[in-house]
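Visitor: The file below is protein.tsv, TSV, C-alpha atoms:
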```
chain	number	residue	atom	x	y	z
Y	1	MET	CA	-81.65	20.48	-178.71
Y	2	GLU	CA	-79.57	22.06	-181.47
Y	3	ARG	CA	-80.23	25.51	-180.06
Y	4	GLN	CA	-79.05	24.50	-176.59
Y	5	THR	CA	-75.93	22.92	-178.06
Y	6	GLY	CA	-75.16	26.05	-180.07
Y	7	LYS	CA	-75.58	28.27	-177.06
Y	8	ALA	CA	-73.46	25.97	-174.93
Y	9	GLN	CA	-70.75	26.11	-177.57
Y	10	GLU	CA	-70.87	29.92	-177.46
Y	11	GLN	CA	-70.25	29.73	-173.72
Y	12	ARG	CA	-67.44	27.15	-174.11
Y	13	ASN	CA	-65.68	29.49	-176.51
Y	14	LEU	CA	-64.82	31.62	-173.47
Y	15	GLY	CA	-61.52	29.89	-172.75
Y	16	GLY	CA	-58.97	30.74	-170.08
Y	17	ARG	CA	-57.42	33.59	-172.02
Y	18	ASP	CA	-60.83	35.06	-172.85
Y	19	GLN	CA	-61.90	34.76	-169.22
Y	20	TYR	CA	-58.80	36.68	-168.21
Y	21	ASN	CA	-59.39	39.38	-170.82
Y	22	LEU	CA	-63.03	39.70	-169.80
Y	23	GLY	CA	-62.02	40.02	-166.17
Y	24	VAL	CA	-59.46	42.69	-166.98
Y	25	ALA	CA	-61.97	44.59	-169.11
Y	26	ARG	CA	-64.55	44.50	-166.32
Y	27	ARG	CA	-62.09	45.63	-163.65
Y	28	MET	CA	-60.89	48.55	-165.73
Y	29	ALA	CA	-64.45	49.57	-166.59
Y	30	VAL	CA	-65.58	49.41	-162.94
Y	31	GLU	CA	-62.66	51.55	-161.81
Y	32	THR	CA	-63.37	54.15	-164.48
Y	33	LEU	CA	-67.11	54.21	-163.81
Y	34	ALA	CA	-66.57	54.60	-160.07
Y	35	ALA	CA	-64.55	57.76	-160.73
Y	36	ALA	CA	-67.02	59.20	-163.24
Y	37	ASP	CA	-69.51	62.00	-162.62
Y	38	PRO	CA	-72.98	60.38	-162.71
Y	39	SER	CA	-74.64	63.52	-164.05
Y	40	LYS	CA	-72.25	63.61	-167.01
Y	41	VAL	CA	-72.63	59.88	-167.69
Y	42	CYS	CA	-76.42	60.26	-167.69
Y	43	LEU	CA	-76.32	63.25	-170.00
Y	44	LEU	CA	-74.11	61.52	-172.57
Y	45	SER	CA	-75.72	58.07	-172.48
Y	46	GLY	CA	-79.38	59.00	-172.07
Y	47	VAL	CA	-79.93	57.12	-168.81
Y	48	ASP	CA	-81.11	58.08	-165.32
Y	49	PHE	CA	-79.37	57.74	-161.96
Y	50	ASN	CA	-80.92	56.33	-158.77
Y	51	ARG	CA	-79.06	58.03	-155.93
Y	52	GLU	CA	-80.63	55.88	-153.24
Y	53	GLN	CA	-79.16	52.78	-154.83
Y	54	ASN	CA	-76.09	54.54	-156.25
Y	55	SER	CA	-76.95	52.99	-159.59
Y	56	TYR	CA	-77.60	53.93	-163.20
Y	57	ILE	CA	-80.97	52.90	-164.63
Y	58	LEU	CA	-80.06	51.40	-167.98
Y	59	PRO	CA	-82.72	50.19	-170.45
Y	60	TYR	CA	-81.76	47.11	-172.45
Y	61	LEU	CA	-84.23	45.83	-175.04
Y	62	ASN	CA	-87.59	45.71	-173.23
Y	63	ARG	CA	-86.14	45.66	-169.70
Y	64	ARG	CA	-84.47	48.04	-167.27
Y	65	TYR	CA	-81.38	47.29	-165.20
Y	66	LEU	CA	-79.59	48.87	-162.27
Y	67	VAL	CA	-75.85	49.25	-162.80
Y	68	ASN	CA	-74.08	50.05	-159.53
Y	69	SER	CA	-71.69	52.94	-160.07
Y	70	SER	CA	-69.17	51.65	-157.51
Y	71	SER	CA	-69.14	47.88	-158.05
Y	72	GLY	CA	-70.45	47.58	-161.61
Y	73	ALA	CA	-72.95	44.96	-160.43
Y	74	VAL	CA	-75.98	44.64	-162.72
Y	75	LYS	CA	-79.47	43.51	-161.76
Y	76	ASN	CA	-82.84	43.47	-163.44
Y	77	MET	CA	-85.16	46.02	-161.86
Y	78	ALA	CA	-88.13	43.67	-162.21
Y	79	ASP	CA	-86.81	40.48	-160.64
Y	80	GLY	CA	-83.29	41.17	-159.40
Y	81	SER	CA	-81.65	38.76	-161.84
Y	82	GLY	CA	-78.23	39.46	-163.27
Y	83	VAL	CA	-76.83	39.19	-166.79
Y	84	SER	CA	-74.02	37.22	-168.41
Y	85	PRO	CA	-70.43	38.41	-167.89
Y	86	TYR	CA	-70.33	39.39	-171.58
Y	87	LEU	CA	-73.40	41.59	-171.32
Y	88	GLU	CA	-72.29	43.09	-168.01
Y	89	VAL	CA	-69.09	44.38	-169.60
Y	90	ILE	CA	-71.05	45.74	-172.56
Y	91	PHE	CA	-73.36	47.60	-170.13
Y	92	LEU	CA	-70.32	49.18	-168.49
Y	93	HIS	CA	-68.71	50.04	-171.81
Y	94	TYR	CA	-71.88	51.74	-173.02
Y	95	LEU	CA	-72.00	54.02	-169.99
Y	96	LEU	CA	-68.32	54.87	-170.35
Y	97	THR	CA	-68.09	55.23	-174.15
Y	98	ALA	CA	-71.26	57.27	-174.75
Y	99	ASP	CA	-70.40	60.82	-175.82
Y	100	GLY	CA	-73.86	62.18	-176.61
Y	101	THR	CA	-73.52	62.16	-180.41
Y	102	PRO	CA	-77.01	62.21	-181.98
Y	103	LEU	CA	-78.17	59.24	-184.02
Y	104	HIS	CA	-77.40	59.86	-187.70
Y	105	SER	CA	-80.25	57.76	-189.16
Y	106	GLU	CA	-77.71	56.52	-191.71
Y	107	TRP	CA	-76.75	52.86	-191.78
Y	108	ILE	CA	-73.37	51.15	-191.99
Y	109	THR	CA	-72.21	47.55	-191.87
Y	110	PHE	CA	-69.94	46.05	-189.26
Y	111	LYS	CA	-66.87	46.25	-191.49
Y	112	GLU	CA	-67.34	50.04	-191.67
Y	113	LEU	CA	-66.89	50.37	-187.91
Y	114	PRO	CA	-63.35	51.29	-186.78
Y	115	GLY	CA	-61.25	48.14	-187.21
Y	116	GLY	CA	-64.33	46.15	-188.20
Y	117	GLY	CA	-62.50	44.35	-191.00
Y	118	ILE	CA	-60.26	42.63	-188.45
Y	119	TYR	CA	-63.21	40.84	-186.86
Y	120	GLY	CA	-64.91	39.95	-190.15
Y	121	GLU	CA	-64.95	36.15	-189.99
Y	122	PRO	CA	-65.44	35.79	-186.21
Y	123	TYR	CA	-68.23	38.36	-186.48
Y	124	ARG	CA	-69.93	36.42	-189.27
Y	125	LYS	CA	-69.76	33.18	-187.28
Y	126	ARG	CA	-71.16	34.82	-184.15
Y	127	THR	CA	-73.96	36.75	-185.83
Y	128	ILE	CA	-74.91	36.06	-189.45
Y	129	VAL	CA	-74.46	32.29	-189.24
Y	130	PRO	CA	-76.76	31.76	-186.21
Y	131	LEU	CA	-79.24	34.35	-187.50
Y	132	LEU	CA	-79.63	32.32	-190.68
Y	133	ARG	CA	-79.49	28.96	-188.91
Y	134	TYR	CA	-82.46	29.73	-186.69
Y	135	PHE	CA	-84.45	32.21	-188.75
Y	136	GLY	CA	-83.40	31.99	-192.40
Y	137	GLU	CA	-86.31	29.63	-193.15
Y	138	LYS	CA	-88.72	31.16	-190.62
Y	139	PRO	CA	-88.25	34.93	-190.55
Y	140	GLU	CA	-91.77	35.35	-189.19
Y	141	LYS	CA	-90.61	33.74	-185.93
Y	142	PHE	CA	-87.77	36.23	-185.69
Y	143	ARG	CA	-90.30	39.03	-186.12
Y	144	GLU	CA	-92.74	37.58	-183.60
Y	145	VAL	CA	-90.21	37.20	-180.81
Y	146	GLY	CA	-88.22	40.28	-181.77
Y	147	LEU	CA	-91.29	42.51	-181.47
Y	148	SER	CA	-91.91	41.14	-177.97
Y	149	LEU	CA	-88.37	42.22	-176.98
Y	150	GLY	CA	-88.86	45.79	-178.13
Y	151	GLY	CA	-88.00	45.50	-181.82
Y	152	ALA	CA	-89.93	47.46	-184.45
Y	153	ASP	CA	-90.66	46.67	-188.09
Y	154	TYR	CA	-88.31	48.33	-190.55
Y	155	ASN	CA	-88.25	48.62	-194.34
Y	156	TYR	CA	-85.16	46.70	-195.45
Y	157	GLY	CA	-85.01	43.28	-197.09
Y	158	ASP	CA	-87.93	40.88	-196.97
Y	159	LEU	CA	-88.14	41.33	-193.20
Y	160	SER	CA	-86.23	43.62	-190.89
Y	161	LEU	CA	-86.44	44.72	-187.28
Y	162	LEU	CA	-85.04	47.84	-185.70
Y	163	PHE	CA	-83.71	47.46	-182.16
Y	164	HIS	CA	-82.51	50.06	-179.68
Y	165	PRO	CA	-80.72	47.72	-177.25
Y	166	PHE	CA	-79.50	50.82	-175.39
Y	167	PRO	CA	-80.99	54.33	-175.51
Y	168	ARG	CA	-78.59	55.66	-178.15
Y	169	ILE	CA	-77.69	52.54	-180.11
Y	170	ALA	CA	-79.74	51.56	-183.15
Y	171	MET	CA	-79.35	48.28	-185.05
Y	172	VAL	CA	-81.36	46.74	-187.89
Y	173	PHE	CA	-81.46	42.98	-188.41
Y	174	VAL	CA	-82.29	42.22	-192.05
Y	175	LEU	CA	-83.44	38.91	-193.54
Y	176	TRP	CA	-83.92	38.01	-197.21
Y	177	LYS	CA	-85.95	34.92	-198.05
Y	178	GLY	CA	-84.42	32.27	-200.26
Y	179	ASP	CA	-85.85	30.92	-203.50
Y	180	ASP	CA	-85.04	28.23	-206.04
Y	181	GLU	CA	-81.80	29.98	-207.01
Y	182	PHE	CA	-80.59	31.68	-203.85
Y	183	ALA	CA	-80.33	30.64	-200.21
Y	184	PRO	CA	-81.69	32.93	-197.50
Y	185	SER	CA	-79.30	35.74	-196.54
Y	186	ALA	CA	-79.00	38.23	-193.72
Y	187	ASN	CA	-77.15	41.30	-192.53
Y	188	ILE	CA	-77.03	43.59	-189.51
Y	189	LEU	CA	-76.80	47.36	-189.91
Y	190	TYR	CA	-75.69	49.96	-187.39
Y	191	ASP	CA	-76.44	53.64	-187.09
Y	192	ALA	CA	-73.44	55.58	-188.38
Y	193	CYS	CA	-72.81	57.02	-184.90
Y	194	ALA	CA	-72.28	53.53	-183.44
Y	195	ALA	CA	-68.59	54.05	-182.64
Y	196	HIS	CA	-69.55	56.88	-180.28
Y	197	TYR	CA	-71.31	54.43	-177.96
Y	198	LEU	CA	-69.40	51.14	-177.89
Y	199	PRO	CA	-66.01	49.78	-178.96
Y	200	THR	CA	-66.12	47.77	-182.17
Y	201	GLU	CA	-65.31	44.51	-180.38
Y	202	ASP	CA	-68.53	44.87	-178.38
Y	203	TYR	CA	-70.51	45.17	-181.61
Y	204	ALA	CA	-68.96	41.84	-182.59
Y	205	LEU	CA	-70.80	40.31	-179.64
Y	206	LEU	CA	-73.93	42.34	-178.86
Y	207	PRO	CA	-75.96	41.18	-181.91
Y	208	SER	CA	-75.22	37.54	-181.13
Y	209	LEU	CA	-76.55	37.98	-177.58
Y	210	ILE	CA	-79.79	39.36	-179.01
Y	211	ILE	CA	-80.00	36.52	-181.55
Y	212	TRP	CA	-79.45	33.87	-178.86
Y	213	GLU	CA	-82.11	35.46	-176.67
Y	214	ILE	CA	-84.64	35.39	-179.51
Y	215	ALA	CA	-83.67	31.83	-180.48
Y	216	ALA	CA	-84.09	30.67	-176.88
Y	217	LYS	CA	-87.77	31.64	-177.06
Y	218	LEU	CA	-88.54	29.42	-180.07
```
Spit out the file's structure as structure tokens when you get a sec.

Guide:
Amino acid sequence: MERQTGKAQEQRNLGGRDQYNLGVARRMAVETLAAADPSKVCLLSGVDFNREQNSYILPYLNRRYLVNSSSGAVKNMADGSGVSPYLEVIFLHYLLTADGTPLHSEWITFKELPGGGIYGEPYRKRTIVPLLRYFGEKPEKFREVGLSLGGADYNYGDLSLLFHPFPRIAMVFVLWKGDDEFAPSANILYDACAAHYLPTEDYALLPSLIIWEIAAKL
């Protein structure tokens, strides 16, 4: 019940002003994507284009989605389901922001992203706090579900998983177990090329969407 309440609260946080901003962001992204050259978008973002459906084929975690290049509509290729308004805008931003920069295989924290310090506390509440709430005492559950969503074991902390939520975005979720002196702790690391694929404000949200999805499977 606590998990459902937390997720509901995350949804309620989208007040009138946020709804307006999200709508504006989506409209601007759709207009820009509709005018873009699909071959260039595919080259820079590492996705494919389905000309029959006029849609980009965008992998997300362990699934593939169609993103219509004219309307921005998103649907799961397996069952036709859509995604949340938050995630839909992030899909669009990924296709539009991607510039083809190779992954650096060097890791940075959120505050090292452009302007990341501005979002510090909201970011912590959206990501680190729920990560610890649901998995600080049971990191093995995070690993179990995370692997099923396409995560891979990594070598940081006591337990860490590497995710490629999109083809050219790499993130590592790190958990440290607590002991008699210290409480469990966590962090999320990003490949140093992260800013070449999404705006910083989207990185303030994307990890929380992954955390909520994993928590929902507990």

Visitor: Go through Y:Ile169, Y:Leu61, Y:Met77, Y:Leu95 and flag the residue nearest Gly146 (chain Y), using only C-alpha atoms for the distances.

Guide: Y:Leu61

Visitor: Taking (-86.3, 30.2, -191.6) as a centre in this file's frame and 12 Å as the limit, can you find every polymer residue with an atom that close, using all atoms listed in the file, and give them as a list of chain:residue names?

Guide: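 Looking at atoms near the point gives Y:Pro130, Y:Leu131, Y:Leu132, Y:Arg133, Y:Tyr134, Y:Phe135, Y:Gly136, Y:Glu137, Y:Lys138, Y:Pro139, Y:Glu140, Y:Lys141, Y:Phe142, Y:Arg143, Y:Leu159, Y:Leu175, Y:Trp176, Y:Lys177, Y:Gly178, Y:Asp179, Y:Ala183, Y:Pro184, Y:Ser185, Y:Ala186, Y:Ala215, Y:Leu218.
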
Visitor: Would you output that residue set with C-alpha atoms, as a PDB file, in the coordinates of the input?

Guide:
```pdb
ATOM      1  CA  PRO Y 130     -76.760  31.760-186.210  1.00  0.00           C
ATOM      2  CA  LEU Y 131     -79.240  34.350-187.500  1.00  0.00           C
ATOM      3  CA  LEU Y 132     -79.630  32.320-190.680  1.00  0.00           C
ATOM      4  CA  ARG Y 133     -79.490  28.960-188.910  1.00  0.00           C
ATOM      5  CA  TYR Y 134     -82.460  29.730-186.690  1.00  0.00           C
ATOM      6  CA  PHE Y 135     -84.450  32.210-188.750  1.00  0.00           C
ATOM      7  CA  GLY Y 136     -83.400  31.990-192.400  1.00  0.00           C
ATOM      8  CA  GLU Y 137     -86.310  29.630-193.150  1.00  0.00           C
ATOM      9  CA  LYS Y 138     -88.720  31.160-190.620  1.00  0.00           C
ATOM     10  CA  PRO Y 139     -88.250  34.930-190.550  1.00  0.00           C
ATOM     11  CA  GLU Y 140     -91.770  35.350-189.190  1.00  0.00           C
ATOM     12  CA  LYS Y 141     -90.610  33.740-185.930  1.00  0.00           C
ATOM     13  CA  PHE Y 142     -87.770  36.230-185.690  1.00  0.00           C
ATOM     14  CA  ARG Y 143     -90.300  39.030-186.120  1.00  0.00           C
ATOM     15  CA  LEU Y 159     -88.140  41.330-193.200  1.00  0.00           C
ATOM     16  CA  LEU Y 175     -83.440  38.910-193.540  1.00  0.00           C
ATOM     17  CA  TRP Y 176     -83.920  38.010-197.210  1.00  0.00           C
ATOM     18  CA  LYS Y 177     -85.950  34.920-198.050  1.00  0.00           C
ATOM     19  CA  GLY Y 178     -84.420  32.270-200.260  1.00  0.00           C
ATOM     20  CA  ASP Y 179     -85.850  30.920-203.500  1.00  0.00           C
ATOM     21  CA  ALA Y 183     -80.330  30.640-200.210  1.00  0.00           C
ATOM     22  CA  PRO Y 184     -81.690  32.930-197.500  1.00  0.00           C
ATOM     23  CA  SER Y 185     -79.300  35.740-196.540  1.00  0.00           C
ATOM     24  CA  ALA Y 186     -79.000  38.230-193.720  1.00  0.00           C
ATOM     25  CA  ALA Y 215     -83.670  31.830-180.480  1.00  0.00           C
ATOM     26  CA  LEU Y 218     -88.540  29.420-180.070  1.00  0.00           C
TER      27      LEU Y 218
END
```

Visitor: Using all atoms listed in the file, which of the listed residues (Y:Ala195, Y:Ala216, Y:Leu44, Y:Ile210) sits closest to Gly151 (chain Y)?

Guide: Y:Ile210

Visitor: For the atom pair CA of Glu121 (chain Y) and CA of Lys217 (chain Y), what is the interatomic distance in Å to one decimal place?

Guide: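 One can read the CA of Glu121 (chain Y) to CA of Lys217 (chain Y) distance as 26.6 Å.
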
Visitor: Would you work out the distance separating CA of Tyr86 (chain Y) from CA of Pro114 (chain Y), expressed in Å to one decimal?

Guide: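 Distance between the two atoms: 20.5 Å.
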